[in-house]
Structure formats: structure tokens, C-alpha cells
Number of protein chains: 2
Amino acid sequence: MEETPQKGTVTQRAIEQIKAMIAQGSLEPGQRLPTERDLAVQLGISRSSMREAIRALTVMGVLEARHGSGIYVTQLEAGDLLETFGVVAELSRGPRLLELLEVRRILESTATALAAARITPDQLAEVEKHLTAINATDDPEEILAHDLAFHREITLAAGNESMAAILEGLSSRTFRARVWRAYQQEGAFERTRREHAAIYRALVAHDPEAARAAAAAHVGEVEQWLRSQNSEV
Amino acid sequence: MEETPQKGTVTQRAIEQIKAMIAQGSLEPGQRLPTERDLAVQLGISRSSMREAIRALTVMGVLEARHGSGIYVTQLEAGDLLETFGVVAELSRGPRLLELLEVRRILESTATALAAARITPDQLAEVEKHLTAINATDDPEEILAHDLAFHREITLAAGNESMAAILEGLSSRTFRARVWRAYQQEGAFERTRREHAAIYRALVAHDPEAARAAAAAHVGEVEQWLRSQNSEV
DNA sequence: TGCCCATAGTGGTCCGACCACTTCGGTCGT
DNA sequence: ACGACCGAAGTGGTCGGACCACTATGGGCA
């Protein structure tokens with residue numbers, strides 16, 4: 001029960017062992033881990049290797065290191081899988097970008113449909129706030145921020161935080177900013193506003209099918225435009 | 001243009017810089033990077049910190065380190081975002097597990113529908129092979145392997161590698177093995193076989209809507225069962 | 001009583017050495 | 001002349017120890 005099985009690199013072994021501790025429940029969400037130095041001693045490896053293992057788990061969104069305080073197990077909440085997903089979206093080009101956009105269209109249309117059925121008056125008011133904010137300004141930066149918030153509010157209303165987190169990653173700042181920059185140059189502003197309005201109307205009417213169609217069309221519009229650019233973005 | 005802007009930790013800065021190099025195209029997929037030692041000098045940090053940055057990017061699926069050879073940029077293909085996603089699925093419990101299963105149901109039903117429209121005779125034969133293999137044995141291990149292959153073949157036929165990779169992560173080995181263990185004990189074997197057969201028939205008939213319904217029912221069945229377990233898994 | 005700061009403890013960074021593995025070129029035998 | 005072998009150079013992997021930056025805690029001071 002004590003000797004190292006000698007499989008794979010030392011760091012990789014450490015990663016697996018810590019993952020196993022969490023999976024088996026001996027480390028619970030929010031709990032603080034022993035210090036890096038202690039952990040290294042426990043697993044019989046150097047602190048350097050242990051730090052790399054911790055770094056890996058931090059990137060995966062499993063651990064969280066607080067300078068001067070300690071290392072903690074995250075709540076394993078939806079947002080924790082966001083970062084890595086967003087990075088992939090940022091680095092994707094051409095065909096891969098279209099594939100991810102297709103995934104987004106599928107998930108976002110379904111999420112919007114679910115939201116139409118479940119959204120509360122409070123949430124609806126929040127959505128409307130961002131909608132009017134988008135129409136009230138011409139600052140691309142502000143529009144983008146409210147556009148993101150508009151969709152996030154809707155996906156959250158769908159009641160599936162994991163799906164919301166994935167969509168957030170797929171719609172990451174850089175990802176959309178890149179599209180926007182060129183997109184708005186074709187004067188498609190007005191069309192986007194109409195699409196947003198259509199989505200909002202479907203939500204107000206609590207009409208899932210209309211919401212699904214409106215959301216699919218909204219994402220599909222960007223998709224079509226991007227496809228016509230022949231992988232230039 | 002040369003001094004460090006002093007924002008965030010040194011390692012974090014290094015991660016961003018390397019990401020930027022790839023995003024801007026000065027580092028292309030498959031290309032070999034300078035050595036860890038050289039990179040550390042270039043960015044003005046220690047080798048330890050550089051190694052952590054590389055480890056982080058390796059986990060994200062952006063870089064690949066080959067012992068004794070060098071560090072390379074991955075092809076940034078779909079499978080590269082798989083590993084991290086699978087880890088999240090493995091560590092999820094209770095409500096989060098249901099959310100992820102819902103995402104899988106949405107994506108898998110759509111993917112199966114797409115596959116019904118696009119699948120080639122060759123791919124269809126491959127799918128049938130796994131189907132008969134599932135029905136020919138009682139070894140859970142073998143069944144699981146062919147079950148995974150069955151669905152993977154179908155999602156690949158949908159023509160969206162990114163979606164296939166995400167689904168692969170959501171259906172990761174451990175994830176499904178855990179479900180299977182208890183699931184089969186209720187003698188739901190036969191029902192699963194019938195569902196697989198229904199999916200296959202829809203593919204043969206090139207009937208997208210039937211395929212969508214069959215796949216949604218298939219995943220939904222597991223979903224319902226898991227929901228009835230009151231977060232015990 | 002309450003504020004403040006010295007201090008211990010933690011993660012973050014750096015250095016230099018050595019180990020394990022890959023790669024490649026030269027050497028040796030045929 | 002050719003091919004298999006082997007050794008050296010180069011690379012990532014590991015180690016340990018030192019110091020820095022930040023946080024949290026508790027005791028002392030006003």
C-alpha cells in the first residue's frame with residue numbers, strides 16, 4: 001500500500017492520486033489540502049513535481065491555489081470547466097471554428113427553448129434590461145458585453161448550469177470579439193437586433209418552439225456568414 | 001515593447017504569451033518549440049516557472065512534451081480538448097451528473113440525426129459490427145467497449161469532429177462504467193439492446209427524425225434511471 | 001475594548017545539479 | 001560499400017534547497 005507502482009512519470013502519478021482522493025471522497029469540495037511540502041513528502045516526490053501536479057489540477061478546474069493561504073478543492077461547479085473550454089475556442093480556426101459554432105447552435109437553441117418554458121418574471125426583466133442596453137448604444141465594447149450577458153441570462157434560466165458554462169466557453173470574449181469586428185462592418189447590426197427581439201418575444205410568450213427557432217436562426221446567421229468567409233478568420 | 005507589464009503571476013504571464021504566439025500564428029501546429037531552458041531565458045523567467053506554464057498548456061491540450069525530444073504544438077484537433085472534459089465528467093456527482101447527461105442527450109440526439117442523413121455504407125457496416133458484438137457477449141467489459149465504439153462511430157458519421165470529441169468526453173470510460181455497474185443489475189439489458197437496434201434501424205433508413213428520437217430515448221432512459229436513484233451515484 | 005503590526009506559515013519563484021530518454025552521427029564488423 | 005551497433009550530445013523529468021510575496025493570526029499597544 002506504500003510503494004510506488006512505477007508507472008508513468010512521477011508527476012502524472014501524483015495527479016492521478018490526488019484525483020482519486022477526490023473521486024473517492026476523502027477530499028471534499030471546499031476543503032483545504034495539506035501544504036505543497038507536506039503533500040510532496042506524503043507521495044514521496046519533490047516539491048517541484050508536486051507543484052506541477054497541482055498546476056495541472058488547477059488548470060482542470062479541480063483545485064484552487066490561494067497565495068499565502070493554501071490549496072483548496074473547488075466546488076466542482078459548472079464554471080470550473082469553463083476556462084479550458086474557452087481556450088480551445090480561442091485557438092480554433094477555420095473548420096474547427098464552424099464545428100464549435102454548430103455545437104453552440106444546437107445547445108443554445110435547446111437552452112433557449114427550455115428557458116422559454118421555465119423563465120421567471122424576474123429573470124425576464126433582467127433579459128430585457130440587457131436587450132434595451134444593446135439597442136441604446138453604439139459602442140461595440142458595450143454591445144458585446146450586454147450581448148454576452150443577454151445570452152448568459154437566458155441559458156441560466158434554462159436551469160442547467162453545466163450547459164450554461166459550456167456555452168459561456170463557446171461564446172468566450174475573444175471568440176466573439178473576433179467575429180464581431182468583421183461582422184459589424186457589413187452593417188448587420190439591425191438584423192442582430194431583430195433576432196434578439198424575436199428571441200425575447202418568444203421568451204415572453206413562453207413559446208419553446210419559437211424560442212428554439214429564433215435562437216437557432218440567430219447563431220446560424222453568424223455561422224453562415226463565417227462560412228462564406230472561407231476560413232479567413 | 002520588451003519589459004514585463006508586471007501583471008499577474010510570472011507563470012500566468014508565460015502561459016498567456018505562449019498562447020498569444022500560437023493564436024497570432026508565429027507558432028504553428030506540429031512545430032517544435034525552443035527548449036525549456038531557451039524559452040525561460042527568452043521570457044526572462046526561471047525554468048521551473050516555464051515548466052509549470054508548459055504543464056498548464058499541456059493539460060489544455062495545446063502543447064505536447066516528448067521526453068528527450070522536445071516540446072511541440074499539437075494539431076489543435078478535436079481530441080485535444082477531450083481529456084480535460086473527461087476529467088470533469090469523472091469527478092461530477094449528483095445534480096451535476098444529470099446536467100451533463102442532459103447535455104449529452106441533446107448533442108447525441110442531434111448528432112445521431114445528422115448521422116442518419118450522412119452516414120455511408122462503410123460506416124454503417126462498422127456500426128453494425130459493434131452492434132452484433134454487443135449482442136454476442138455477456139462480458140460487461142466487452143459490452144461497454146463496443147457500446148462506446150457504437151456511439152463513437154455514429155457521432156463521427158455526423159461529420160463534426162469537435163462534437164464527437166465532446167461527446168467522447170461526456171461518455172468517458174469511468175463515467176459510463178459507474179452507471180453500468182448498477183444499471184445492469186436491474187436487468188435492463190434487453191431494453192438497451194432494443195434501443196440500440198432502434199437507432200441502427202433509423203440509420204439504415206436514413207431517417208433523421210427517427211434517429212433523433214431513438215437516441216434521445218436511449219440517453220433519456222439512463223437519465224431517468226439515474227434521477228430515480230436520488231443522487232446516490 | 002479595539003486597532004495595529006510583528007510573525008509564522010503558505011504558495012510563488014529562482015537556481016543548479018543530476019537523471020532518463022531520444023536522437024543522430026561515427027565507428028566497427030562484415 | 002553497407003548496415004548494425006554504440007556512444008555522445010541534447011532534451012525533458014526530477015530533485016532539493018533557498019529566498020520572495022502574500023495571508024492570516026494573535027498578542028501588544030493606545
# chains A, B, ... in the order shown; residues from 1 in each chain; ligands from 1
call {"tool": "residues_around", "arguments": {"residues": "DA20 in chain C", "least_positions_apart": "4", "cutoff": "10 Å", "atoms": "only C-alpha atoms (C1' of nucleotides)", "output": "mmCIF file with C-alpha atoms (C1' of nucleotides), in the first residue's frame"}}
result
data_model
loop_
_atom_site.group_PDB
_atom_site.id
_atom_site.type_symbol
_atom_site.label_atom_id
_atom_site.label_comp_id
_atom_site.auth_asym_id
_atom_site.auth_seq_id
_atom_site.Cartn_x
_atom_site.Cartn_y
_atom_site.Cartn_z
ATOM 1 C CA HIS B 67 10.748 13.208 -23.223
ATOM 2 C CA GLY B 68 14.200 13.508 -24.760
ATOM 3 C "C1'" DG D 12 12.540 16.893 -20.997
ATOM 4 C "C1'" DG D 13 11.952 14.972 -16.000
ATOM 5 C "C1'" DT D 14 13.224 15.099 -11.157
#
call {"tool": "residues_around", "arguments": {"residues": "His130 in chain B", "least_positions_apart": "5", "cutoff": "10 Å", "atoms": "only C-alpha atoms (C1' of nucleotides)", "output": "PyMOL selection string"}}
result
chain B and resi 125+135-136+143+145-151+153
call {"tool": "interface_residues", "arguments": {"of": "chain A", "to": "chain C", "cutoff": "10 Å", "atoms": "only C-alpha atoms (C1' of nucleotides)", "output": "list in words"}}
result
Thr35, Glu36, Arg37, Arg51, Ala65, Arg66, His67, Gly68, Ser69, Gly70 and Ile71 of chain A
call {"tool": "write_last_selection", "arguments": {"atoms": "N, CA and C atoms", "output": "compact mmCIF listing (two decimals), in the first residue's frame"}}
result
# COMPACT_ATOMS: atom_id res chain seq x y z
N THR A 35 -0.14 21.27 2.88
CA THR A 35 0.73 22.18 2.13
C THR A 35 1.46 21.41 1.02
N GLU A 36 1.93 22.15 0.06
CA GLU A 36 2.67 21.54 -1.04
C GLU A 36 3.81 20.68 -0.50
N ARG A 37 4.50 21.21 0.49
CA ARG A 37 5.64 20.50 1.06
C ARG A 37 5.20 19.18 1.69
N ARG A 51 4.25 20.56 -7.37
CA ARG A 51 3.72 21.82 -7.85
C ARG A 51 3.17 21.67 -9.28
N ALA A 65 -5.45 27.38 -5.95
CA ALA A 65 -4.35 27.77 -5.06
C ALA A 65 -4.48 29.23 -4.70
N ARG A 66 -4.45 29.52 -3.41
CA ARG A 66 -4.52 30.90 -2.95
C ARG A 66 -3.20 31.27 -2.30
N HIS A 67 -2.53 32.23 -2.90
CA HIS A 67 -1.21 32.65 -2.46
C HIS A 67 -1.24 33.05 -0.99
N GLY A 68 -0.39 32.40 -0.21
CA GLY A 68 -0.28 32.74 1.19
C GLY A 68 -1.29 32.07 2.09
N SER A 69 -2.25 31.40 1.48
CA SER A 69 -3.31 30.79 2.28
C SER A 69 -3.29 29.26 2.22
N GLY A 70 -3.32 28.72 1.02
CA GLY A 70 -3.34 27.26 0.90
C GLY A 70 -3.95 26.80 -0.40
N ILE A 71 -4.08 25.48 -0.54
CA ILE A 71 -4.68 24.90 -1.73
C ILE A 71 -6.03 24.31 -1.35
call {"tool": "select_by_dssp", "arguments": {"residues": "range 15-231 of chain A", "states": "strand (DSSP E)", "output": "PyMOL selection string"}}
result
chain A and resi 63-66+70-73
call {"tool": "closest_atom_pairs", "arguments": {"of": "chain B", "to": "chain A", "cutoff": "10 Å", "atoms": "only C-alpha atoms", "output": "tab-separated table"}}
result
residue	atom	partner	partner_atom	distance
B:Lys19	CA	A:Leu91	CA	8.0
B:Ala20	CA	A:Leu91	CA	9.1
B:Ile22	CA	A:Leu91	CA	7.5
B:Ala23	CA	A:Leu91	CA	5.6
B:Gln24	CA	A:Leu91	CA	9.2
B:Gly25	CA	A:Leu91	CA	9.9
B:Ser48	CA	A:Ser48	CA	7.6
B:Ser49	CA	A:Glu52	CA	9.5
B:Arg51	CA	A:Glu52	CA	7.9
B:Glu52	CA	A:Glu52	CA	5.7
B:Ala53	CA	A:Arg55	CA	8.5
B:Ile54	CA	A:Glu52	CA	9.6
B:Arg55	CA	A:Ala56	CA	6.5
B:Ala56	CA	A:Ala56	CA	5.7
B:Leu57	CA	A:Val59	CA	8.6
B:Thr58	CA	A:Ala56	CA	8.5
B:Val59	CA	A:Ala56	CA	6.1
B:Met60	CA	A:Thr84	CA	6.0
B:Gly61	CA	A:Val88	CA	8.4
B:Val62	CA	A:Val88	CA	8.1
B:Leu76	CA	A:Ser92	CA	7.4
B:Glu77	CA	A:Arg96	CA	7.9
B:Ala78	CA	A:Arg96	CA	7.8
B:Asp80	CA	A:Val88	CA	8.8
B:Leu81	CA	A:Val88	CA	6.9
B:Leu82	CA	A:Phe85	CA	9.9
B:Glu83	CA	A:Met60	CA	9.5
B:Thr84	CA	A:Met60	CA	6.0
B:Phe85	CA	A:Leu81	CA	7.3
B:Val87	CA	A:Met60	CA	7.7
B:Val88	CA	A:Leu81	CA	6.9
B:Ala89	CA	A:Leu81	CA	9.7
B:Glu90	CA	A:Ala23	CA	7.7
B:Leu91	CA	A:Ala23	CA	5.7
B:Ser92	CA	A:Leu76	CA	7.3
B:Arg93	CA	A:Leu76	CA	9.2
B:Pro95	CA	A:Asn160	CA	9.4
B:Arg96	CA	A:Ser162	CA	7.0
B:Leu97	CA	A:Ser162	CA	9.2
B:Leu98	CA	A:Asn160	CA	9.1
B:Glu99	CA	A:Asn160	CA	5.8
B:Leu100	CA	A:Ser162	CA	6.4
B:Leu101	CA	A:Ser162	CA	9.9
B:Glu102	CA	A:Asn160	CA	8.4
B:Val103	CA	A:Met163	CA	6.3
B:Arg104	CA	A:Met163	CA	9.8
B:Ile106	CA	A:Leu107	CA	7.1
B:Leu107	CA	A:Ile106	CA	7.1
B:Thr110	CA	A:Ile106	CA	7.6
B:Ala111	CA	A:Val103	CA	9.7
B:Gly159	CA	A:Glu99	CA	9.0
B:Asn160	CA	A:Glu99	CA	5.8
B:Glu161	CA	A:Glu99	CA	7.4
B:Ser162	CA	A:Glu99	CA	6.0
B:Met163	CA	A:Val103	CA	6.3
B:Ile166	CA	A:Val103	CA	9.4
call {"tool": "write_last_selection", "arguments": {"atoms": "C-alpha atoms", "output": "compact mmCIF listing (two decimals), in the first residue's frame"}}
result
# COMPACT_ATOMS: atom_id res chain seq x y z
CA LYS B 19 -0.96 31.22 -26.17
CA ALA B 20 -0.63 34.55 -27.94
CA ILE B 22 0.05 30.37 -31.22
CA ALA B 23 -3.05 32.49 -31.71
CA GLN B 24 -1.15 35.02 -33.78
CA GLY B 25 0.37 32.27 -35.86
CA SER B 48 10.71 25.99 -13.06
CA SER B 49 8.10 28.61 -13.83
CA ARG B 51 7.86 24.21 -16.87
CA GLU B 52 4.66 24.98 -14.98
CA ALA B 53 3.45 27.12 -17.86
CA ILE B 54 4.21 24.29 -20.28
CA ARG B 55 2.47 21.81 -18.00
CA ALA B 56 -0.62 24.04 -17.97
CA LEU B 57 -0.70 24.29 -21.75
CA THR B 58 -0.11 20.54 -22.00
CA VAL B 59 -3.16 19.88 -19.85
CA MET B 60 -5.18 22.24 -22.03
CA GLY B 61 -4.19 20.10 -24.99
CA VAL B 62 -2.29 22.90 -26.70
CA LEU B 76 -5.21 21.55 -32.13
CA GLU B 77 -7.54 18.78 -33.23
CA ALA B 78 -10.80 17.92 -31.63
CA ASP B 80 -7.12 17.57 -27.73
CA LEU B 81 -9.93 19.08 -25.71
CA LEU B 82 -11.17 15.64 -24.73
CA GLU B 83 -9.02 14.76 -21.75
CA THR B 84 -9.86 17.70 -19.53
CA PHE B 85 -13.52 17.42 -20.34
CA VAL B 87 -11.90 14.52 -16.05
CA VAL B 88 -14.73 16.86 -15.18
CA ALA B 89 -17.27 14.20 -16.05
CA GLU B 90 -15.44 11.70 -13.88
CA LEU B 91 -15.49 13.95 -10.84
CA SER B 92 -19.12 15.01 -11.19
CA ARG B 93 -21.78 13.77 -8.82
CA PRO B 95 -27.15 17.05 -9.89
CA ARG B 96 -24.08 17.92 -11.95
CA LEU B 97 -24.06 14.41 -13.38
CA LEU B 98 -27.66 14.81 -14.51
CA GLU B 99 -26.87 18.14 -16.11
CA LEU B 100 -24.03 16.64 -18.10
CA LEU B 101 -26.23 13.74 -19.09
CA GLU B 102 -28.80 16.23 -20.36
CA VAL B 103 -26.14 17.95 -22.44
CA ARG B 104 -25.15 14.58 -23.81
CA ILE B 106 -29.14 17.00 -26.61
CA LEU B 107 -25.89 16.64 -28.51
CA THR B 110 -28.71 15.76 -32.85
CA ALA B 111 -25.51 14.00 -33.85
CA GLY B 159 -19.21 14.92 -39.65
CA ASN B 160 -18.45 17.18 -36.70
CA GLU B 161 -15.24 16.07 -35.01
CA SER B 162 -15.46 18.66 -32.28
CA MET B 163 -18.91 17.47 -31.30
CA ILE B 166 -17.11 16.49 -26.58
call {"tool": "closest_residue", "arguments": {"among": "A:Ala197, A:Ala164, A:Thr9, A:Ile119", "to": "chain D", "atoms": "only C-alpha atoms (C1' of nucleotides)"}}
result
A:Thr9
call {"tool": "select_by_dssp", "arguments": {"residues": "range 6-219 of chain B", "states": "helix (DSSP H, G or I)", "output": "PyMOL selection string"}}
result
chain B and resi 10-24+36-43+47-59+78-91+94-118+121-136+140-157+161-170+173-186+189-204+208-219
call {"tool": "interface_residues", "arguments": {"of": "chain D", "to": "chain A", "cutoff": "7 Å", "atoms": "only C-alpha atoms (C1' of nucleotides)", "output": "MDAnalysis selection string"}}
result
chainID D and resid 15 22:23
call {"tool": "atom_distance", "arguments": {"atom1": "CA of Arg118 in chain A", "atom2": "CA of Arg201 in chain A"}}
result
14.5 Å
